[in-house]
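Data file: data20.pdb. Format and content: PDB, C-alpha atoms.
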```pdb
ATOM      1  CA  MET A   1     -24.298  18.448   1.673
ATOM      2  CA  TYR A   2     -23.514  17.996   5.329
ATOM      3  CA  PHE A   3     -22.007  20.288   7.915
ATOM      4  CA  ALA A   4     -20.745  18.802  11.155
ATOM      5  CA  ALA A   5     -18.803  20.174  14.093
ATOM      6  CA  LEU A   6     -17.795  19.237  17.598
ATOM      7  CA  LEU A   7     -18.193  21.720  20.435
ATOM      8  CA  ALA A   8     -16.138  20.818  23.494
ATOM      9  CA  ARG A   9     -16.849  22.654  26.742
ATOM     10  CA  THR A  10     -13.820  23.945  28.611
ATOM     11  CA  GLU A  11     -13.256  26.141  31.649
ATOM     12  CA  ASP A  12     -12.914  29.107  29.273
ATOM     13  CA  GLY A  13     -16.010  28.405  27.172
ATOM     14  CA  TRP A  14     -16.410  26.291  24.057
ATOM     15  CA  GLU A  15     -13.832  25.028  21.577
ATOM     16  CA  ALA A  16     -15.019  24.020  18.133
ATOM     17  CA  SER A  17     -13.499  21.617  15.668
ATOM     18  CA  ASP A  18     -14.589  20.526  12.232
ATOM     19  CA  LEU A  19     -15.982  17.007  12.274
ATOM     20  CA  GLU A  20     -14.655  15.052   9.306
ATOM     21  CA  LEU A  21     -17.621  12.870   8.404
ATOM     22  CA  ASP A  22     -15.436  10.900   5.975
ATOM     23  CA  ASP A  23     -13.858   9.311   9.067
ATOM     24  CA  VAL A  24     -17.259   8.350  10.501
ATOM     25  CA  GLU A  25     -18.592   4.989   9.351
ATOM     26  CA  SER A  26     -20.706   4.202  12.400
ATOM     27  CA  LEU A  27     -22.277   5.861  15.389
ATOM     28  CA  SER A  28     -19.493   4.368  17.524
ATOM     29  CA  ASP A  29     -16.939   6.253  15.397
ATOM     30  CA  LEU A  30     -18.823   9.495  16.018
ATOM     31  CA  ILE A  31     -18.955   8.873  19.777
ATOM     32  CA  ASP A  32     -15.235   8.025  19.837
ATOM     33  CA  LEU A  33     -14.402  11.273  18.005
ATOM     34  CA  ALA A  34     -16.530  13.255  20.451
ATOM     35  CA  ARG A  35     -14.873  11.639  23.459
ATOM     36  CA  SER A  36     -11.409  12.290  22.030
ATOM     37  CA  ALA A  37     -12.289  16.002  21.676
ATOM     38  CA  ALA A  38     -13.364  16.279  25.327
ATOM     39  CA  VAL A  39     -11.334  18.382  27.724
ATOM     40  CA  ASP A  40     -11.089  16.653  31.124
ATOM     41  CA  ASP A  41     -14.117  14.435  30.320
ATOM     42  CA  ASP A  42     -16.331  17.523  30.083
ATOM     43  CA  THR A  43     -19.322  17.820  27.735
ATOM     44  CA  VAL A  44     -18.935  17.522  23.974
ATOM     45  CA  VAL A  45     -21.781  18.316  21.609
ATOM     46  CA  ALA A  46     -21.661  16.979  18.055
ATOM     47  CA  LEU A  47     -23.805  18.951  15.635
ATOM     48  CA  ILE A  48     -24.747  17.558  12.218
ATOM     49  CA  GLU A  49     -26.876  19.274   9.606
ATOM     50  CA  GLN A  50     -27.934  18.368   6.089
ATOM     51  CA  GLU A  51     -28.790  21.414   3.981
ATOM     52  CA  ASP A  52     -31.458  22.765   6.343
ATOM     53  CA  THR A  53     -33.417  19.506   5.851
ATOM     54  CA  TRP A  54     -32.655  18.052   9.274
ATOM     55  CA  PHE A  55     -30.196  18.488  12.096
ATOM     56  CA  GLY A  56     -28.930  16.162  14.767
ATOM     57  CA  VAL A  57     -27.357  16.704  18.152
ATOM     58  CA  VAL A  58     -25.265  14.139  20.000
ATOM     59  CA  ARG A  59     -24.215  14.918  23.556
ATOM     60  CA  VAL A  60     -21.365  13.044  25.198
ATOM     61  CA  ASP A  61     -20.559  13.586  28.890
ATOM     62  CA  GLY A  62     -17.443  11.626  29.824
ATOM     63  CA  GLU A  63     -18.155   7.898  29.902
ATOM     64  CA  GLU A  64     -21.920   8.293  30.350
ATOM     65  CA  ASP A  65     -24.225   6.984  27.634
ATOM     66  CA  PRO A  66     -24.536   9.465  24.762
ATOM     67  CA  ARG A  67     -27.820  11.304  24.254
ATOM     68  CA  TYR A  68     -29.327  12.020  20.852
ATOM     69  CA  PHE A  69     -31.830  14.304  19.164
ATOM     70  CA  VAL A  70     -32.892  14.505  15.503
ATOM     71  CA  SER A  71     -35.123  17.325  14.236
ATOM     72  CA  SER A  72     -36.879  15.279  11.538
ATOM     73  CA  ALA A  73     -36.549  11.532  11.856
ATOM     74  CA  SER A  74     -38.088  10.731   8.479
ATOM     75  CA  ALA A  75     -35.772  13.125   6.613
ATOM     76  CA  ALA A  76     -32.718  11.995   8.593
ATOM     77  CA  SER A  77     -33.486   8.316   8.032
ATOM     78  CA  ARG A  78     -33.037   8.859   4.282
ATOM     79  CA  SER A  79     -29.424  10.005   4.685
ATOM     80  CA  SER A  80     -26.411   7.942   5.634
ATOM     81  CA  TYR A  81     -25.413   9.912   8.739
ATOM     82  CA  GLY A  82     -28.969  10.600   9.810
ATOM     83  CA  SER A  83     -29.937   6.954   9.553
ATOM     84  CA  MET A  84     -27.204   6.089  12.069
ATOM     85  CA  LEU A  85     -28.964   8.351  14.572
ATOM     86  CA  THR A  86     -32.523   7.299  13.778
ATOM     87  CA  ASP A  87     -31.615   3.605  13.836
ATOM     88  CA  GLU A  88     -30.067   4.071  17.293
ATOM     89  CA  LEU A  89     -33.063   6.046  18.562
ATOM     90  CA  LEU A  90     -35.545   3.517  17.197
ATOM     91  CA  GLY A  91     -33.457   0.602  18.435
ATOM     92  CA  LYS A  92     -33.641  -1.005  15.000
ATOM     93  CA  ASP A  93     -30.550  -3.192  15.276
ATOM     94  CA  ASP A  94     -31.410  -4.501  18.754
ATOM     95  CA  GLU A  95     -35.083  -4.886  17.921
ATOM     96  CA  ASP A  96     -34.425  -6.791  14.698
ATOM     97  CA  ASP A  97     -32.043  -9.201  16.432
ATOM     98  CA  GLU A  98     -34.511  -9.740  19.251
ATOM     99  CA  LEU A  99     -37.358 -10.462  16.837
ATOM    100  CA  ASP A 100     -35.264 -12.973  14.900
ATOM    101  CA  GLU A 101     -34.323 -14.787  18.096
ATOM    102  CA  LEU A 102     -37.884 -14.987  19.372
ATOM    103  CA  ASP A 103     -39.416 -15.783  15.946
ATOM    104  CA  LEU A 104     -42.456 -13.610  16.576
ATOM    105  CA  ASP A 105     -45.086 -13.244  13.873
ATOM    106  CA  GLY A 106     -46.655 -10.107  15.332
ATOM    107  CA  THR A 107     -49.932 -11.739  16.335
ATOM    108  CA  GLU A 108     -51.344 -12.896  19.618
ATOM    109  CA  ASP A 109     -53.617 -15.858  20.291
ATOM    110  CA  GLY A 110     -56.915 -15.426  18.441
ATOM    111  CA  GLU A 111     -55.615 -12.516  16.358
ATOM    112  CA  GLU A 112     -54.882 -14.392  13.121
ATOM    113  CA  GLU A 113     -58.467 -14.271  11.822
ATOM    114  CA  VAL A 114     -58.650 -10.479  12.163
ATOM    115  CA  VAL A 115     -55.292 -10.006  10.398
ATOM    116  CA  ALA A 116     -56.263 -12.416   7.607
ATOM    117  CA  SER A 117     -59.615 -10.729   6.940
ATOM    118  CA  TYR A 118     -57.972  -7.299   6.993
ATOM    119  CA  ALA A 119     -55.276  -8.416   4.554
ATOM    120  CA  ASP A 120     -57.900  -9.788   2.147
ATOM    121  CA  ASN A 121     -59.404  -6.296   1.799
ATOM    122  CA  GLU A 122     -56.100  -4.534   1.071
ATOM    123  CA  SER A 123     -54.336  -3.948  -2.233
ATOM    124  CA  GLU A 124     -51.023  -5.637  -3.091
ATOM    125  CA  GLU A 125     -49.009  -2.515  -2.217
ATOM    126  CA  GLU A 126     -50.684  -2.121   1.136
ATOM    127  CA  ASP A 127     -50.193  -5.837   1.829
ATOM    128  CA  ASP A 128     -46.429  -5.310   1.540
ATOM    129  CA  THR A 129     -46.600  -2.537   4.114
ATOM    130  CA  ASP A 130     -48.762  -4.691   6.370
ATOM    131  CA  ASP A 131     -46.204  -7.529   6.069
ATOM    132  CA  ASP A 132     -43.427  -5.116   7.088
ATOM    133  CA  VAL A 133     -45.366  -4.099  10.175
ATOM    134  CA  ARG A 134     -46.040  -7.736  11.070
ATOM    135  CA  ALA A 135     -42.350  -8.537  10.527
ATOM    136  CA  GLY A 136     -41.387  -5.948  13.128
ATOM    137  CA  ALA A 137     -40.522  -2.952  10.940
ATOM    138  CA  GLU A 138     -41.344   0.238  12.803
ATOM    139  CA  PRO A 139     -42.337   3.299  10.794
ATOM    140  CA  VAL A 140     -40.042   6.280  11.207
ATOM    141  CA  PRO A 141     -41.826   9.280  12.765
ATOM    142  CA  SER A 142     -42.013  12.377  10.605
ATOM    143  CA  GLY A 143     -41.126  14.820  13.390
ATOM    144  CA  PRO A 144     -38.434  15.128  16.038
ATOM    145  CA  LEU A 145     -36.993  12.047  17.678
ATOM    146  CA  GLY A 146     -34.764  11.583  20.698
ATOM    147  CA  ASP A 147     -34.129  13.505  23.894
ATOM    148  CA  PRO A 148     -35.215  17.136  23.414
ATOM    149  CA  ARG A 149     -33.922  17.991  26.918
ATOM    150  CA  LEU A 150     -30.304  17.062  26.181
ATOM    151  CA  LEU A 151     -29.235  20.732  26.061
ATOM    152  CA  ASP A 152     -31.587  22.184  28.713
ATOM    153  CA  ASP A 153     -28.796  22.657  31.262
ATOM    154  CA  LEU A 154     -26.590  24.329  28.633
ATOM    155  CA  GLY A 155     -29.039  27.090  27.707
ATOM    156  CA  VAL A 156     -31.055  25.508  24.888
ATOM    157  CA  SER A 157     -34.508  24.631  26.197
ATOM    158  CA  HIS A 158     -36.347  21.596  24.915
ATOM    159  CA  LYS A 159     -39.103  23.872  23.592
ATOM    160  CA  GLN A 160     -36.550  25.869  21.620
ATOM    161  CA  LEU A 161     -34.866  22.730  20.274
ATOM    162  CA  MET A 162     -38.190  21.252  19.125
ATOM    163  CA  THR A 163     -39.108  24.356  17.101
ATOM    164  CA  LEU A 164     -35.772  25.138  15.416
ATOM    165  CA  ASP A 165     -35.564  25.087  11.644
ATOM    166  CA  GLY A 166     -33.482  26.758   8.979
ATOM    167  CA  ASP A 167     -30.043  27.538  10.354
ATOM    168  CA  ALA A 168     -30.669  25.601  13.572
ATOM    169  CA  LEU A 169     -27.004  24.970  14.366
ATOM    170  CA  SER A 170     -26.276  28.692  14.478
ATOM    171  CA  GLU A 171     -29.213  29.212  16.841
ATOM    172  CA  ILE A 172     -27.984  26.389  19.080
ATOM    173  CA  ALA A 173     -24.459  27.815  19.064
ATOM    174  CA  ASP A 174     -25.846  31.262  19.899
ATOM    175  CA  SER A 175     -27.740  29.881  22.908
ATOM    176  CA  LEU A 176     -24.635  27.993  24.046
ATOM    177  CA  GLY A 177     -22.486  31.101  23.663
ATOM    178  CA  ALA A 178     -20.419  29.413  20.966
ATOM    179  CA  THR A 179     -21.376  31.357  17.844
ATOM    180  CA  GLU A 180     -17.895  32.683  17.101
ATOM    181  CA  VAL A 181     -16.148  29.331  17.520
ATOM    182  CA  LEU A 182     -18.744  27.511  15.406
ATOM    183  CA  GLU A 183     -18.519  30.113  12.643
ATOM    184  CA  GLY A 184     -14.750  29.690  12.777
ATOM    185  CA  VAL A 185     -15.031  26.079  11.579
ATOM    186  CA  ARG A 186     -17.762  26.729   8.992
TER     187      ARG A 186
END
```
Go ahead and render the structure in this file as C-alpha cells.
Amino acid sequence: MYFAALLARTEDGWEASDLELDDVESLSDLIDLARSAAVDDDTVVALIEQEDTWFGVVRVDGEEDPRYFVSSASAASRSSYGSMLTDELLGKDDEDDELDELDLDGTEDGEEEVVASYADNESEEEDDTDDDVRAGAEPVPSGPLGDPRLLDDLGVSHKQLMTLDGDALSEIADSLGATEVLEGVR
C-alpha cells in the first residue's frame, strides 16, 4: 500500500494535499501534479512511501529540473511507482535507446577472449546475468539512490535523509515544520 502527498511551500508555511497515485501513470504526470500544486512557482515536495519498505522524495522548484531521492533503489524498483523514480535516476530509458543506436556489445578491442573464457566457466544462470550486463543492463543498487542533498536547505540534512527508516515521511515533515499538515492528509 502506498501513501503519497504533496507539500507546497507558501509564505505562511506548508500546504499539504493528498496525491492521487491513480492519476499518475508516468513520472511526467507526477511532475505536472507537483507544479500545479505550487504557489507562485515556489518549492513543492512530493513524498511517496510504500509500507515502510522504501520512500521517495521528488522536489520541484518552478521550472527547474526536478530532483529525486529514493531510500532503497532495489526495493523501489520492484514497485510500479518506485520503478518510475529508479528508472529516471539510473537513466534506463535514455541509456537503452543510446545503446540500441550505437549497437555496442559491451566489449573493447582485445576483450572478447577474456569474456569468452569467463563465460565458459560460468553456469547457465550466471551466463544469463552476464549477457544482461553485456547488453547494457545496469544492476539496481540496494541502498539509497538520487540526490540526498535535495532537502538540505529546507531543514532535512543529507545525513538525516540517508539514515531514515520506518515512518520516514513523518520525520521529514517534522524537520520541514509540516507535521500537522501532512497528518491532515493521512
### Task
With a distance cut-off of 10 Å and all atoms listed in the file, select the neighbouring residues of range 154-165 of chain A, excluding the residue or stretch itself and same-chain residues fewer than 2 positions from it, and output the selection as a PyMOL selection string.
chain A and resi 43+52-55+57+69-72+143-145+147-152+167-169+171-177
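Interatomic distance, CA of Thr179 in chain A to CA of Thr86 in chain A: 26.8 Å.
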Neighbourhood query: residues within 8 Å of (-11.7, 16.5, 22.2), file coordinates, counting only C-alpha atoms; return as a PDB file with C-alpha atoms, in the frame of the given file.
```pdb
ATOM      1  CA  ALA A   8     -16.138  20.818  23.494  1.00  0.00           C
ATOM      2  CA  LEU A  33     -14.402  11.273  18.005  1.00  0.00           C
ATOM      3  CA  ALA A  34     -16.530  13.255  20.451  1.00  0.00           C
ATOM      4  CA  ARG A  35     -14.873  11.639  23.459  1.00  0.00           C
ATOM      5  CA  SER A  36     -11.409  12.290  22.030  1.00  0.00           C
ATOM      6  CA  ALA A  37     -12.289  16.002  21.676  1.00  0.00           C
ATOM      7  CA  ALA A  38     -13.364  16.279  25.327  1.00  0.00           C
ATOM      8  CA  VAL A  39     -11.334  18.382  27.724  1.00  0.00           C
ATOM      9  CA  VAL A  44     -18.935  17.522  23.974  1.00  0.00           C
TER      10      VAL A  44
END
```
### Query
Quick one: which residues end up in the PyMOL selection byres ((chain A and resi 186) around 9) for this structure, as a PyMOL selection string?
chain A and resi 3-5+18+182-185
#### Entry: Residue contacts of Tyr81 in chain A (12 Å, all atoms listed in the file) excluding same-chain residues fewer than 5 positions away, as JSON, numbers by chain
{"A": [1, 2, 3, 4, 20, 21, 22, 23, 24, 25, 26, 27, 28, 29, 30, 47, 48, 49, 50, 54, 55, 56, 57, 70, 73, 75, 76, 86, 87, 88]}
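CA of Leu85 in chain A is found 23.6 Å from CA of Glu15 in chain A.
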### Query
How many Å separate CA of Met84 in chain A from CA of Glu180 in chain A?
28.6 Å
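Using all atoms listed in the file, the nearest neighbour of Thr10 in chain A within the list A:Asp32, A:Asp40, A:Glu64, A:Asp153 is A:Asp40.
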### Query
Could you write out as number ranges by chain the residues that the PyMOL selection byres ((chain A and resi 140) around 6) matches in the shown file?
A: 74, 139, 141
Hits of the PyMOL selection byres ((chain A and resi 63) around 10) in this structure, as a short mmCIF file (atom, residue, chain, number, x, y, z; two decimals) with C-alpha atoms, in the frame of the given file:
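File written: expr.cif
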```
data_model
loop_
_atom_site.label_atom_id
_atom_site.label_comp_id
_atom_site.auth_asym_id
_atom_site.auth_seq_id
_atom_site.Cartn_x
_atom_site.Cartn_y
_atom_site.Cartn_z
CA ARG A 35 -14.87 11.64 23.46
CA ASP A 41 -14.12 14.44 30.32
CA ASP A 42 -16.33 17.52 30.08
CA VAL A 60 -21.36 13.04 25.20
CA ASP A 61 -20.56 13.59 28.89
CA GLY A 62 -17.44 11.63 29.82
CA GLU A 64 -21.92 8.29 30.35
CA ASP A 65 -24.22 6.98 27.63
CA PRO A 66 -24.54 9.46 24.76
#
```
